[in-house]
file query-v2.txt (compact mmCIF, C-alpha atoms and all ligand atoms)
# COMPACT_ATOMS: atom_id res chain seq x y z
CA MET A 1 8.33 18.13 50.68
CA SER A 2 7.90 18.90 46.98
CA GLY A 3 7.10 16.20 44.48
CA SER A 4 10.47 16.48 42.80
CA THR A 5 12.40 15.52 45.92
CA LEU A 6 10.42 12.37 46.62
CA PRO A 7 12.71 9.38 46.32
CA ARG A 8 12.07 7.36 43.17
CA HIS A 9 11.17 3.79 43.69
CA PRO A 10 14.46 1.98 43.07
CA GLY A 11 12.74 -0.82 41.18
CA GLY A 12 10.58 1.42 38.99
CA ARG A 13 12.55 1.20 35.75
CA ALA A 14 13.36 -2.47 36.20
CA ARG A 15 9.73 -3.30 36.89
CA ARG A 16 8.60 -1.49 33.72
CA GLY A 17 11.26 -3.36 31.75
CA GLY A 18 10.13 -6.59 33.38
CA ARG A 19 6.52 -5.94 32.38
CA LEU A 20 7.57 -5.39 28.77
CA LEU A 21 9.60 -8.61 28.77
CA VAL A 22 6.64 -10.59 30.11
CA ALA A 23 4.34 -8.98 27.50
CA GLN A 24 6.83 -9.78 24.68
CA SER A 25 7.10 -13.36 25.78
CA ALA A 26 3.31 -13.83 26.06
CA ALA A 27 2.77 -12.12 22.70
CA ARG A 28 5.32 -14.38 20.94
CA THR A 29 3.69 -17.45 22.47
CA ALA A 30 0.23 -16.31 21.34
CA GLY A 31 1.58 -15.65 17.82
CA ALA A 32 3.17 -19.10 17.63
CA LEU A 33 -0.02 -20.75 18.89
CA SER A 34 -2.10 -18.86 16.33
CA ARG A 35 0.27 -19.90 13.51
CA HIS A 36 0.00 -23.50 14.65
CA LEU A 37 -3.79 -23.56 15.03
CA ARG A 38 -5.00 -21.20 12.32
CA GLY A 39 -2.11 -20.86 9.87
CA GLY A 40 -1.12 -17.37 8.75
CA SER A 41 1.67 -15.34 10.29
CA GLY A 42 0.22 -14.79 13.77
CA THR A 43 1.51 -11.19 13.60
CA VAL A 44 -1.81 -9.52 14.41
CA ILE A 45 -2.61 -11.82 17.35
CA SER A 46 0.84 -11.35 18.87
CA GLY A 47 0.53 -7.59 18.38
CA ARG A 48 -2.86 -7.50 20.13
CA VAL A 49 -1.46 -9.41 23.11
CA LEU A 50 1.55 -7.09 23.30
CA GLN A 51 -0.67 -4.00 23.27
CA ALA A 52 -3.04 -5.41 25.88
CA LEU A 53 -0.25 -6.32 28.30
CA ALA A 54 2.06 -3.38 27.61
CA PRO A 55 0.13 -0.40 26.22
CA ARG A 56 3.39 1.55 25.65
CA GLY A 57 5.11 -1.53 24.26
CA VAL A 58 5.29 -0.30 20.65
CA ALA A 59 7.07 2.91 21.65
CA ALA A 60 9.47 0.96 23.89
CA LEU A 61 10.30 -1.63 21.22
CA ALA A 62 10.75 1.00 18.49
CA ALA A 63 12.87 3.27 20.66
CA ASP A 64 16.36 2.17 19.60
CA ARG A 65 15.56 1.05 16.07
CA ALA A 66 15.74 2.78 12.68
CA VAL A 67 12.14 3.00 11.43
CA THR A 68 10.85 4.05 8.01
CA LEU A 69 7.06 4.27 7.59
CA VAL A 70 5.33 3.95 4.20
CA SER A 71 1.76 5.16 3.67
CA GLY A 72 -0.69 6.18 0.95
CA THR A 73 -4.01 5.03 -0.46
CA ASN A 74 -2.51 2.85 -3.16
CA GLY A 75 0.82 1.12 -3.70
CA LYS A 76 2.06 1.13 -0.11
CA THR A 77 2.43 -2.66 0.07
CA SER A 78 4.47 -2.69 -3.14
CA ILE A 79 6.58 0.34 -2.15
CA THR A 80 7.32 -1.28 1.22
CA ALA A 81 8.40 -4.58 -0.39
CA LEU A 82 10.54 -2.73 -2.97
CA THR A 83 12.16 -0.54 -0.29
CA VAL A 84 13.07 -3.62 1.76
CA ALA A 85 14.58 -5.22 -1.38
CA ALA A 86 16.49 -2.01 -2.19
CA LEU A 87 17.97 -1.87 1.32
CA ASP A 88 18.63 -5.57 1.73
CA ASP A 89 22.32 -5.85 0.83
CA GLY A 90 22.71 -8.76 3.22
CA ARG A 91 21.51 -7.02 6.36
CA SER A 92 18.30 -7.90 8.12
CA VAL A 93 15.46 -5.46 7.41
CA GLY A 94 12.22 -6.10 9.29
CA SER A 95 8.85 -5.44 7.68
CA ASN A 96 5.16 -6.28 7.98
CA ARG A 97 5.33 -8.33 4.77
CA ASP A 98 1.91 -9.83 5.31
CA GLY A 99 0.33 -6.38 4.93
CA ALA A 100 -0.89 -6.19 8.56
CA ASN A 101 -0.68 -2.41 8.53
CA THR A 102 -2.74 -1.21 11.52
CA ALA A 103 -1.65 -0.97 15.18
CA ALA A 104 -1.72 -4.70 15.97
CA GLY A 105 0.22 -5.65 12.83
CA ILE A 106 2.88 -3.04 13.53
CA ALA A 107 3.11 -4.10 17.20
CA GLY A 108 3.48 -7.74 16.12
CA THR A 109 6.21 -6.87 13.60
CA LEU A 110 8.20 -5.04 16.30
CA LEU A 111 8.46 -8.33 18.22
CA GLY A 112 11.05 -9.39 15.62
CA ASP A 113 14.77 -8.78 16.13
CA ALA A 114 15.61 -6.55 13.13
CA ARG A 115 17.18 -3.23 14.12
CA GLU A 116 16.12 -1.63 10.85
CA LEU A 117 12.43 -1.63 9.92
CA VAL A 118 10.36 -0.56 6.92
CA LEU A 119 6.70 -0.59 7.94
CA GLU A 120 3.62 -0.23 5.77
CA VAL A 121 0.99 1.84 7.58
CA ASP A 122 -2.71 2.25 6.84
CA GLU A 123 -3.44 5.92 6.04
CA GLY A 124 -5.70 6.33 9.06
CA TRP A 125 -3.11 4.83 11.43
CA LEU A 126 -0.21 6.97 10.21
CA PRO A 127 -0.49 9.63 12.99
CA TRP A 128 -0.49 6.87 15.63
CA ALA A 129 2.46 5.11 13.99
CA ILE A 130 4.48 8.34 13.83
CA ARG A 131 3.80 9.04 17.50
CA GLU A 132 4.69 5.53 18.66
CA THR A 133 7.64 4.59 16.44
CA ALA A 134 9.37 8.01 15.99
CA PRO A 135 10.43 7.22 12.38
CA HIS A 136 13.50 8.86 10.83
CA THR A 137 11.71 8.85 7.46
CA VAL A 138 8.10 8.71 6.27
CA VAL A 139 7.36 7.78 2.65
CA LEU A 140 4.10 9.21 1.24
CA ALA A 141 2.74 7.85 -2.04
CA ASN A 142 -0.70 9.38 -2.65
CA LEU A 143 -4.06 10.19 -1.11
CA SER A 144 -7.29 9.42 -2.92
CA ARG A 145 -10.77 8.27 -2.07
CA ASP A 146 -10.89 4.68 -0.90
CA GLN A 147 -13.97 2.51 -0.56
CA LEU A 148 -16.71 4.80 0.71
CA THR A 149 -16.90 3.35 4.20
CA ARG A 150 -13.16 3.73 4.75
CA HIS A 151 -11.03 6.88 4.49
CA HIS A 152 -13.25 8.69 2.02
CA GLU A 153 -12.59 12.24 3.04
CA VAL A 154 -9.24 13.05 1.49
CA GLY A 155 -9.06 16.61 2.84
CA ALA A 156 -9.61 15.55 6.45
CA LEU A 157 -7.01 12.81 6.17
CA ALA A 158 -4.48 15.24 4.66
CA SER A 159 -5.04 17.54 7.66
CA THR A 160 -4.35 14.79 10.19
CA TRP A 161 -1.24 13.77 8.24
CA ARG A 162 0.01 17.34 8.21
CA SER A 163 -0.35 17.66 11.99
CA ALA A 164 1.27 14.29 12.57
CA LEU A 165 4.23 15.03 10.28
CA ALA A 166 5.27 18.19 12.13
CA GLY A 167 8.74 17.48 13.49
CA VAL A 168 9.35 14.28 11.50
CA PRO A 169 13.00 14.47 10.38
CA ARG A 170 12.41 13.55 6.73
CA VAL A 171 9.69 12.68 4.23
CA VAL A 172 10.15 11.10 0.83
CA ALA A 173 6.98 12.24 -0.91
CA ASN A 174 5.23 12.17 -4.26
CA ALA A 175 5.51 15.67 -5.79
CA ASP A 176 2.60 14.95 -8.14
CA ASP A 177 -0.07 14.66 -5.44
CA PRO A 178 -1.24 18.00 -3.95
CA ALA A 179 -2.60 16.46 -0.71
CA VAL A 180 0.66 14.59 -0.16
CA VAL A 181 2.77 17.70 -0.84
CA TRP A 182 0.75 19.90 1.51
CA SER A 183 1.02 17.30 4.31
CA ALA A 184 4.70 16.64 3.67
CA LEU A 185 5.60 20.35 3.95
CA ALA A 186 5.07 20.08 7.72
CA ALA A 187 8.07 17.73 8.11
CA ARG A 188 11.57 19.08 8.79
CA ARG A 189 12.97 18.00 5.41
CA GLN A 190 11.42 16.89 2.12
CA VAL A 191 12.76 14.69 -0.65
CA TRP A 192 10.43 15.05 -3.66
CA VAL A 193 9.89 12.22 -6.10
CA ALA A 194 7.88 12.69 -9.30
CA ALA A 195 5.99 9.45 -8.89
CA GLY A 196 3.00 10.44 -11.03
CA ALA A 197 -0.71 10.49 -10.37
CA ARG A 198 -3.12 8.64 -12.64
CA TRP A 199 -6.12 9.42 -10.45
CA THR A 200 -6.65 13.19 -10.27
CA ALA A 201 -10.32 13.52 -9.27
CA ASP A 202 -9.32 14.09 -5.64
CA SER A 203 -6.63 16.69 -6.32
CA GLN A 204 -8.65 19.46 -7.96
CA VAL A 205 -9.34 21.27 -4.70
CA CYS A 206 -6.33 22.89 -3.02
CA PRO A 207 -5.76 21.15 0.33
CA ALA A 208 -4.27 24.35 1.79
CA CYS A 209 -6.96 26.94 0.96
CA GLY A 210 -9.85 25.19 -0.78
CA GLY A 211 -9.14 27.08 -4.02
CA ARG A 212 -8.90 25.46 -7.44
CA CYS A 213 -5.85 23.31 -8.10
CA LEU A 214 -5.00 23.36 -11.80
CA ALA A 215 -2.84 20.96 -13.76
CA GLY A 216 -0.48 22.57 -16.25
CA GLY A 217 2.53 21.77 -18.39
CA SER A 218 5.03 21.80 -15.55
CA GLY A 219 2.82 20.20 -12.93
CA TRP A 220 0.04 21.59 -10.80
CA GLY A 221 -0.59 24.72 -8.79
CA CYS A 222 -3.28 26.48 -6.79
CA GLU A 223 -5.02 29.50 -8.33
CA SER A 224 -5.42 31.22 -4.95
CA CYS A 225 -2.38 30.43 -2.79
CA ASP A 226 1.31 29.49 -3.07
CA LEU A 227 0.86 25.75 -3.07
CA ARG A 228 2.29 24.25 -6.24
CA ARG A 229 4.22 21.24 -7.40
CA PRO A 230 7.70 21.30 -5.89
CA THR A 231 10.73 20.70 -8.13
CA PRO A 232 11.38 16.98 -7.91
CA ASP A 233 14.72 15.73 -6.57
CA TRP A 234 14.06 12.38 -8.27
CA TRP A 235 12.17 11.78 -11.50
CA LEU A 236 11.64 9.18 -14.21
CA GLU A 237 12.56 9.48 -17.88
CA GLU A 238 10.66 6.48 -19.22
CA ASP A 239 12.19 3.69 -17.13
CA LEU A 240 15.34 5.60 -16.17
CA LEU A 241 15.40 7.04 -12.65
CA ARG A 242 17.25 10.34 -12.31
CA GLY A 243 18.28 11.90 -9.03
CA PRO A 244 21.13 13.86 -7.44
CA GLY A 245 24.17 12.46 -9.29
CA ALA A 246 22.19 9.35 -10.14
CA ARG A 247 20.97 7.70 -13.31
CA VAL A 248 19.73 4.18 -12.93
CA PRO A 249 17.53 2.00 -15.16
CA VAL A 250 14.51 0.50 -13.43
CA ALA A 251 13.65 -2.95 -14.81
CA LEU A 252 11.13 -4.91 -12.79
CA ASP A 253 9.42 -8.25 -12.85
CA LEU A 254 6.30 -6.57 -11.41
CA PRO A 255 4.08 -5.28 -14.24
CA GLY A 256 2.96 -1.79 -15.20
CA HIS A 257 4.27 1.75 -15.04
CA VAL A 258 2.65 2.12 -11.63
CA ASN A 259 5.28 -0.24 -10.22
CA VAL A 260 8.10 1.69 -11.91
CA SER A 261 6.79 4.73 -9.99
CA ASN A 262 6.64 2.66 -6.80
CA ALA A 263 10.25 1.60 -7.45
CA ALA A 264 11.28 5.26 -7.88
CA LEU A 265 9.96 6.04 -4.38
CA ALA A 266 11.64 2.90 -2.98
CA LEU A 267 15.05 3.58 -4.57
CA ALA A 268 15.04 7.26 -3.57
CA THR A 269 14.18 6.22 -0.01
CA ALA A 270 16.93 3.59 0.19
CA ARG A 271 19.44 6.07 -1.23
CA VAL A 272 18.66 9.02 1.04
CA THR A 273 18.26 6.96 4.22
CA ASP A 274 21.14 4.51 3.83
CA GLY A 275 23.26 5.66 0.89
CA VAL A 276 22.87 2.28 -0.82
CA ASP A 277 24.59 1.65 -4.14
CA LEU A 278 21.75 2.48 -6.54
CA ASP A 279 22.71 0.11 -9.36
CA ALA A 280 22.92 -2.83 -6.97
CA ALA A 281 19.68 -1.79 -5.26
CA ALA A 282 17.86 -1.48 -8.61
CA ALA A 283 19.12 -4.95 -9.59
CA ARG A 284 17.66 -6.42 -6.39
CA LEU A 285 14.21 -5.06 -7.27
CA ARG A 286 14.03 -7.53 -10.16
CA ASP A 287 13.79 -10.35 -7.64
CA VAL A 288 10.46 -9.05 -6.32
CA HIS A 289 7.97 -11.21 -8.25
CA ALA A 290 4.78 -10.74 -6.25
CA VAL A 291 3.77 -8.61 -3.28
CA SER A 292 1.55 -10.39 -0.73
CA GLY A 293 0.19 -12.47 -3.62
CA ARG A 294 -0.52 -9.43 -5.82
CA TYR A 295 0.68 -9.86 -9.43
CA LEU A 296 1.21 -13.55 -8.70
CA ARG A 297 1.53 -15.58 -11.90
CA THR A 298 0.72 -19.22 -11.62
CA ARG A 299 -0.59 -22.23 -13.51
CA PHE A 300 -4.00 -23.30 -12.23
CA ARG A 301 -6.55 -25.70 -13.77
CA GLY A 302 -5.16 -25.45 -17.28
CA HIS A 303 -4.85 -21.65 -17.23
CA ASP A 304 -1.93 -19.26 -16.90
CA LEU A 305 -3.29 -16.93 -14.28
CA ARG A 306 -2.21 -13.52 -13.17
CA ILE A 307 -3.87 -12.47 -9.91
CA LEU A 308 -4.43 -8.78 -9.31
CA LEU A 309 -5.94 -6.68 -6.53
CA ALA A 310 -8.07 -3.57 -7.14
CA LYS A 311 -9.86 -2.20 -4.10
CA ASN A 312 -10.70 1.41 -4.99
CA PRO A 313 -11.08 3.71 -8.03
CA ALA A 314 -7.37 4.60 -8.29
CA GLY A 315 -6.46 0.91 -8.07
CA TRP A 316 -8.84 0.00 -10.89
CA LEU A 317 -7.43 2.77 -13.09
CA GLU A 318 -3.91 1.45 -12.57
CA LEU A 319 -4.90 -2.10 -13.45
CA LEU A 320 -6.96 -1.12 -16.50
CA ASP A 321 -3.91 0.78 -17.72
CA LEU A 322 -1.63 -2.17 -16.97
CA MET A 323 -3.85 -4.51 -18.99
CA SER A 324 -4.32 -2.20 -21.96
CA GLY A 325 -3.21 -3.98 -25.12
CA ASP A 326 -3.95 -7.45 -23.71
CA ARG A 327 -6.76 -9.42 -25.37
CA HIS A 328 -7.06 -12.52 -23.18
CA PRO A 329 -10.09 -13.15 -20.91
CA VAL A 330 -10.58 -11.28 -17.64
CA VAL A 331 -12.32 -12.58 -14.53
CA LEU A 332 -13.60 -9.85 -12.18
CA LEU A 333 -14.42 -10.95 -8.65
CA PHE A 334 -16.42 -8.50 -6.57
CA ASN A 335 -17.53 -8.71 -2.94
CA ALA A 336 -18.75 -6.13 -0.42
CA ASP A 337 -17.71 -7.81 2.81
CA GLY A 338 -15.81 -6.41 5.80
CA ILE A 339 -12.74 -4.56 4.59
CA ASP A 340 -14.23 -4.16 1.07
CA GLY A 341 -16.79 -1.69 2.45
CA ARG A 342 -20.50 -2.37 2.03
CA ASP A 343 -21.29 0.42 -0.42
CA PRO A 344 -19.89 -0.33 -3.89
CA SER A 345 -21.19 2.86 -5.55
CA TRP A 346 -17.58 4.02 -6.08
CA LEU A 347 -17.61 1.68 -9.08
CA TYR A 348 -19.23 4.62 -10.88
CA ASP A 349 -16.07 6.70 -10.38
CA VAL A 350 -14.16 4.48 -12.82
CA SER A 351 -14.65 3.92 -16.55
CA PHE A 352 -14.42 0.25 -17.45
CA ALA A 353 -14.55 1.08 -21.18
CA PRO A 354 -10.96 -0.24 -21.70
CA LEU A 355 -12.40 -3.74 -21.24
CA ARG A 356 -14.71 -3.44 -24.29
CA GLY A 357 -14.29 -6.26 -26.76
CA ARG A 358 -12.63 -8.63 -24.32
CA THR A 359 -14.09 -11.78 -22.82
CA VAL A 360 -15.19 -10.58 -19.38
CA VAL A 361 -16.66 -12.80 -16.67
CA VAL A 362 -17.88 -11.48 -13.33
CA SER A 363 -18.37 -13.41 -10.12
CA GLY A 364 -18.53 -12.82 -6.37
CA LYS A 365 -21.24 -11.83 -3.92
CA ARG A 366 -21.86 -8.41 -5.48
CA ALA A 367 -21.28 -9.43 -9.11
CA ALA A 368 -24.70 -7.99 -10.00
CA ASP A 369 -23.52 -4.43 -9.09
CA LEU A 370 -20.46 -4.81 -11.28
CA LEU A 371 -22.49 -6.27 -14.14
CA VAL A 372 -24.75 -3.20 -14.23
CA ARG A 373 -21.71 -0.90 -14.15
CA LEU A 374 -20.06 -2.75 -17.04
CA GLU A 375 -23.23 -2.65 -19.10
CA LEU A 376 -23.39 1.15 -18.74
CA ASP A 377 -19.84 1.32 -20.09
CA GLY A 378 -20.68 -0.89 -23.05
CA VAL A 379 -18.64 -3.84 -21.79
CA GLU A 380 -20.23 -7.20 -22.55
CA ALA A 381 -19.88 -9.54 -19.60
CA ARG A 382 -21.53 -12.61 -18.20
CA ARG A 383 -21.99 -13.70 -14.65
CA LEU A 384 -20.78 -17.08 -13.41
CA ARG A 385 -21.23 -18.51 -9.94
CA GLY A 386 -19.11 -20.74 -7.76
CA SER A 387 -15.43 -21.09 -7.00
CA LEU A 388 -12.66 -19.65 -9.16
CA ALA A 389 -12.06 -23.17 -10.52
CA ALA A 390 -15.73 -23.40 -11.54
CA VAL A 391 -15.54 -20.02 -13.28
CA LEU A 392 -12.33 -20.92 -15.12
CA TRP A 393 -13.91 -24.16 -16.31
CA GLU A 394 -16.07 -22.04 -18.63
CA LEU A 395 -13.10 -20.28 -20.22
CA PRO A 396 -10.72 -21.55 -22.91
CA ALA A 397 -7.29 -22.74 -21.71
CA GLY A 398 -4.53 -20.10 -21.75
CA ARG A 399 -3.90 -16.74 -20.16
CA VAL A 400 -6.46 -15.23 -17.82
CA ASP A 401 -6.23 -12.14 -15.61
CA VAL A 402 -8.14 -12.49 -12.34
CA ILE A 403 -8.91 -9.18 -10.60
CA GLY A 404 -10.57 -9.10 -7.22
CA ASN A 405 -11.37 -6.49 -4.64
CA TYR A 406 -9.99 -7.23 -1.19
CA THR A 407 -11.88 -10.24 0.18
CA ALA A 408 -12.47 -11.68 -3.31
CA PHE A 409 -8.74 -11.41 -4.07
CA GLN A 410 -7.85 -13.16 -0.80
CA ALA A 411 -10.31 -15.98 -1.49
CA ALA A 412 -8.96 -16.46 -5.02
CA LEU A 413 -5.39 -16.52 -3.75
CA LYS A 414 -6.28 -19.09 -1.11
CA GLU A 415 -7.98 -21.32 -3.66
CA VAL A 416 -5.06 -21.11 -6.09
CA ARG A 417 -2.53 -21.85 -3.37
CA ARG A 418 -4.48 -24.91 -2.30
CA GLY A 419 -3.95 -26.12 -5.87
ZN ZN B 501 -4.51 27.02 -2.37

call {"tool": "encode", "arguments": {"input": "query-v2.txt", "output": "structure tokens"}}
result
Amino acid sequence: MSGSTLPRHPGGRARRGGRLLVAQSAARTAGALSRHLRGGSGTVISGRVLQALAPRGVAALAADRAVTLVSGTNGKTSITALTVAALDDGRSVGSNRDGANTAAGIAGTLLGDARELVLEVDEGWLPWAIRETAPHTVVLANLSRDQLTRHHEVGALASTWRSALAGVPRVVANADDPAVVWSALAARRQVWVAAGARWTADSQVCPACGGRCLAGGSGWGCESCDLRRPTPDWWLEEDLLRGPGARVPVALDLPGHVNVSNAALALATARVTDGVDLDAAAARLRDVHAVSGRYLRTRFRGHDLRILLAKNPAGWLELLDLMSGDRHPVVLLFNADGIDGRDPSWLYDVSFAPLRGRTVVVSGKRAADLLVRLELDGVEARRLRGSLAAVLWELPAGRVDVIGNYTAFQAALKEVRRG
């Protein structure tokens, strides 16, 4: 008797379904318990339980849903939040709003009921997420060096993206980033958005052939092979987004041109995936005031604070650009714990010269590293110790920008929210 004629166990499918139901129920209970005991969203805990009890649970839960994935070194949290806002014309769009962007966070988010999902994915987890969730669209923002102990090898990451994207129905990708373009070309269809690239140190080597990638008047191109900037389908003229038959002003509450670029990717994605009314979608983006606490403006201990996150060289460049022209004091909080990475030598990849002449205070566990870096750039700064409240005590009342790398930013946010 051949294997194919063996009778299938009549309860096989039902038992698998039953196992998933039990896993879902246990995972939801664990998430609720974690929320109750430890605060937070409980998403990661519930995701871990789901994966432990039903290893194929993510694929099963994603199977009949419309999934868009968003990845890139910088901006993915903002692009995800803006895409959800652009799509949200009254329908329910699920998302990992708390930024839990690895396997457990994605698994936990899939425990929700939304049929349509926009999921932020860590760059290293993108191949896994594509395999498990079978997205109809993947949005790719940029690829640059992150903290040194994380995804530092841009070329290797671009290669794994390219393999993972083969067969994906559609990408919405940044035409200004060579590594993104080369990866995106593996997908079945590309929608190109000229979303800009402030950080170019990682795009001078052609990801396809290793030749020199040169920037020119009309974009970039490789000296040795055919890889060059594709003609964008969507582009910005100042704050006006242009696309096929579209012309829509982008006015945001979030600061900086970097967020206008993020909005361009979000609006293009919402348009091509769901045909949303662009004017209405663009209007909804104005209601996004902060993204997981980033850009939060709040009154705290006599100061008008703006809280900003910068976790890698490209992130610092964006923020230094965003703050150019401001003269009020800046507090820089710098740690090297856990997700920050332990080696802060990437600080030397960024020029802090734009901060010259401003009142600059540094704090955090690795403030000494930052102080040395600032001195080399001719930025006068002093070090203060203690909580954010203690640091602010030393500054005159009024506006202050607080910039932290990952764990320092989280600690500052927690302190401010406690009041
Ligand atoms: Zn090349």

call {"tool": "residues_near_ligand", "arguments": {"input": "query-v2.txt", "ligand": "ligand ZN 501 (chain B)", "cutoff": "6 Å", "atoms": "only C-alpha atoms and all ligand atoms", "output": "PDB file with C-alpha atoms, in the coordinates of the input"}}
result
ATOM      1  CA  CYS A 206      -6.330  22.890  -3.020  1.00  0.00           C
ATOM      2  CA  ALA A 208      -4.270  24.350   1.790  1.00  0.00           C
ATOM      3  CA  CYS A 209      -6.960  26.940   0.960  1.00  0.00           C
ATOM      4  CA  GLY A 210      -9.850  25.190  -0.780  1.00  0.00           C
ATOM      5  CA  GLY A 211      -9.140  27.080  -4.020  1.00  0.00           C
ATOM      6  CA  CYS A 222      -3.280  26.480  -6.790  1.00  0.00           C
ATOM      7  CA  SER A 224      -5.420  31.220  -4.950  1.00  0.00           C
ATOM      8  CA  CYS A 225      -2.380  30.430  -2.790  1.00  0.00           C
ATOM      9  CA  LEU A 227       0.860  25.750  -3.070  1.00  0.00           C
TER      10      LEU A 227
END

call {"tool": "residues_around", "arguments": {"input": "query-v2.txt", "residues": "Asp89 of chain A", "least_positions_apart": "2", "cutoff": "10 Å", "atoms": "only C-alpha atoms", "output": "PDB file with C-alpha atoms, in the frame of the given file"}}
result
ATOM      1  CA  VAL A  84      13.070  -3.620   1.760  1.00  0.00           C
ATOM      2  CA  ALA A  85      14.580  -5.220  -1.380  1.00  0.00           C
ATOM      3  CA  ALA A  86      16.490  -2.010  -2.190  1.00  0.00           C
ATOM      4  CA  LEU A  87      17.970  -1.870   1.320  1.00  0.00           C
ATOM      5  CA  ARG A  91      21.510  -7.020   6.360  1.00  0.00           C
ATOM      6  CA  SER A  92      18.300  -7.900   8.120  1.00  0.00           C
ATOM      7  CA  VAL A  93      15.460  -5.460   7.410  1.00  0.00           C
ATOM      8  CA  VAL A 276      22.870   2.280  -0.820  1.00  0.00           C
ATOM      9  CA  ASP A 277      24.590   1.650  -4.140  1.00  0.00           C
ATOM     10  CA  ALA A 280      22.920  -2.830  -6.970  1.00  0.00           C
ATOM     11  CA  ALA A 281      19.680  -1.790  -5.260  1.00  0.00           C
ATOM     12  CA  ARG A 284      17.660  -6.420  -6.390  1.00  0.00           C
TER      13      ARG A 284
END

call {"tool": "residues_near_point", "arguments": {"input": "query-v2.txt", "point": "(11.1, -16.7, -12.4)", "cutoff": "12 Å", "atoms": "all atoms listed in the file", "output": "VMD selection string"}}
result
chain A and resid 252 to 254 286 to 290 296 to 298

call {"tool": "residues_around", "arguments": {"input": "query-v2.txt", "residues": "Leu308 of chain A", "least_positions_apart": "4", "cutoff": "6 Å", "atoms": "only C-alpha atoms", "output": "PyMOL selection string"}}
result
chain A and resi 294-295+403

call {"tool": "write_last_selection", "arguments": {"input": "query-v2.txt", "atoms": "C-alpha atoms", "output": "short mmCIF file (atom, residue, chain, number, x, y, z; two decimals), in the coordinates of the input"}}
result
data_model
loop_
_atom_site.label_atom_id
_atom_site.label_comp_id
_atom_site.auth_asym_id
_atom_site.auth_seq_id
_atom_site.Cartn_x
_atom_site.Cartn_y
_atom_site.Cartn_z
CA ARG A 294 -0.52 -9.43 -5.82
CA TYR A 295 0.68 -9.86 -9.43
CA ILE A 403 -8.91 -9.18 -10.60
#

call {"tool": "atom_distance", "arguments": {"input": "query-v2.txt", "atom1": "atom CA of Pro249 of chain A", "atom2": "atom CA of Ala266 of chain A"}}
result
13.6 Å

call {"tool": "closest_residue", "arguments": {"input": "query-v2.txt", "among": "A:Arg301, A:His257, A:Arg356, A:Arg399", "to": "Gly75 of chain A", "atoms": "only C-alpha atoms"}}
result
A:His257

call {"tool": "closest_residue", "arguments": {"input": "query-v2.txt", "among": "A:Leu370, A:Ala156, A:Val205, A:Ala268", "to": "Tyr348 of chain A", "atoms": "only C-alpha atoms"}}
result
A:Leu370

call {"tool": "closest_residue", "arguments": {"input": "query-v2.txt", "among": "A:Leu20, A:Val168, A:Gly57, A:Val138", "to": "Ala270 of chain A", "atoms": "all atoms listed in the file"}}
result
A:Val138

call {"tool": "atom_distance", "arguments": {"input": "query-v2.txt", "atom1": "atom CA of Val331 of chain A", "atom2": "atom CA of Ser78 of chain A"}}
result
22.6 Å

call {"tool": "atom_distance", "arguments": {"input": "query-v2.txt", "atom1": "atom CA of Ala114 of chain A", "atom2": "atom CA of Thr68 of chain A"}}
result
12.7 Å

call {"tool": "residues_around", "arguments": {"input": "query-v2.txt", "residues": "Asn101 of chain A", "least_positions_apart": "5", "cutoff": "10 Å", "atoms": "all atoms listed in the file", "output": "ChimeraX atom specification"}}
result
/A:44,70-71,76-77,96,106-107,109,119-123,125-126,129

call {"tool": "residues_around", "arguments": {"input": "query-v2.txt", "residues": "segment 186-200 of chain A", "least_positions_apart": "3", "cutoff": "9 Å", "atoms": "all atoms listed in the file", "output": "PyMOL selection string"}}
result
chain A and resi 141-142+144+161-177+181-183+203-204+230-236+243+258+260-262+264-265+268-269+272+313-315+317-318

call {"tool": "residues_around", "arguments": {"input": "query-v2.txt", "residues": "Leu33 of chain A", "least_positions_apart": "6", "cutoff": "12 Å", "atoms": "all atoms listed in the file", "output": "number ranges by chain"}}
result
A: 26-27, 39-43, 45-46

call {"tool": "write_last_selection", "arguments": {"input": "query-v2.txt", "atoms": "C-alpha atoms", "output": "short mmCIF file (atom, residue, chain, number, x, y, z; two decimals), keeping the file's coordinate frame"}}
result
data_model
loop_
_atom_site.label_atom_id
_atom_site.label_comp_id
_atom_site.auth_asym_id
_atom_site.auth_seq_id
_atom_site.Cartn_x
_atom_site.Cartn_y
_atom_site.Cartn_z
CA ALA A 26 3.31 -13.83 26.06
CA ALA A 27 2.77 -12.12 22.70
CA GLY A 39 -2.11 -20.86 9.87
CA GLY A 40 -1.12 -17.37 8.75
CA SER A 41 1.67 -15.34 10.29
CA GLY A 42 0.22 -14.79 13.77
CA THR A 43 1.51 -11.19 13.60
CA ILE A 45 -2.61 -11.82 17.35
CA SER A 46 0.84 -11.35 18.87
#

call {"tool": "closest_residue", "arguments": {"input": "query-v2.txt", "among": "A:Leu388, A:Val291, A:Val67, A:Cys213", "to": "Ala412 of chain A", "atoms": "all atoms listed in the file"}}
result
A:Leu388

call {"tool": "residues_near_point", "arguments": {"input": "query-v2.txt", "point": "(13.0, -1.8, 21.4)", "cutoff": "12 Å", "atoms": "only C-alpha atoms", "output": "PyMOL selection string"}}
result
chain A and resi 17+20-21+24+56-67+107+109-117+132-134

call {"tool": "closest_residue", "arguments": {"input": "query-v2.txt", "among": "A:Arg366, A:Asp401, A:Leu305, A:Ala158", "to": "Leu320 of chain A", "atoms": "only C-alpha atoms"}}
result
A:Asp401
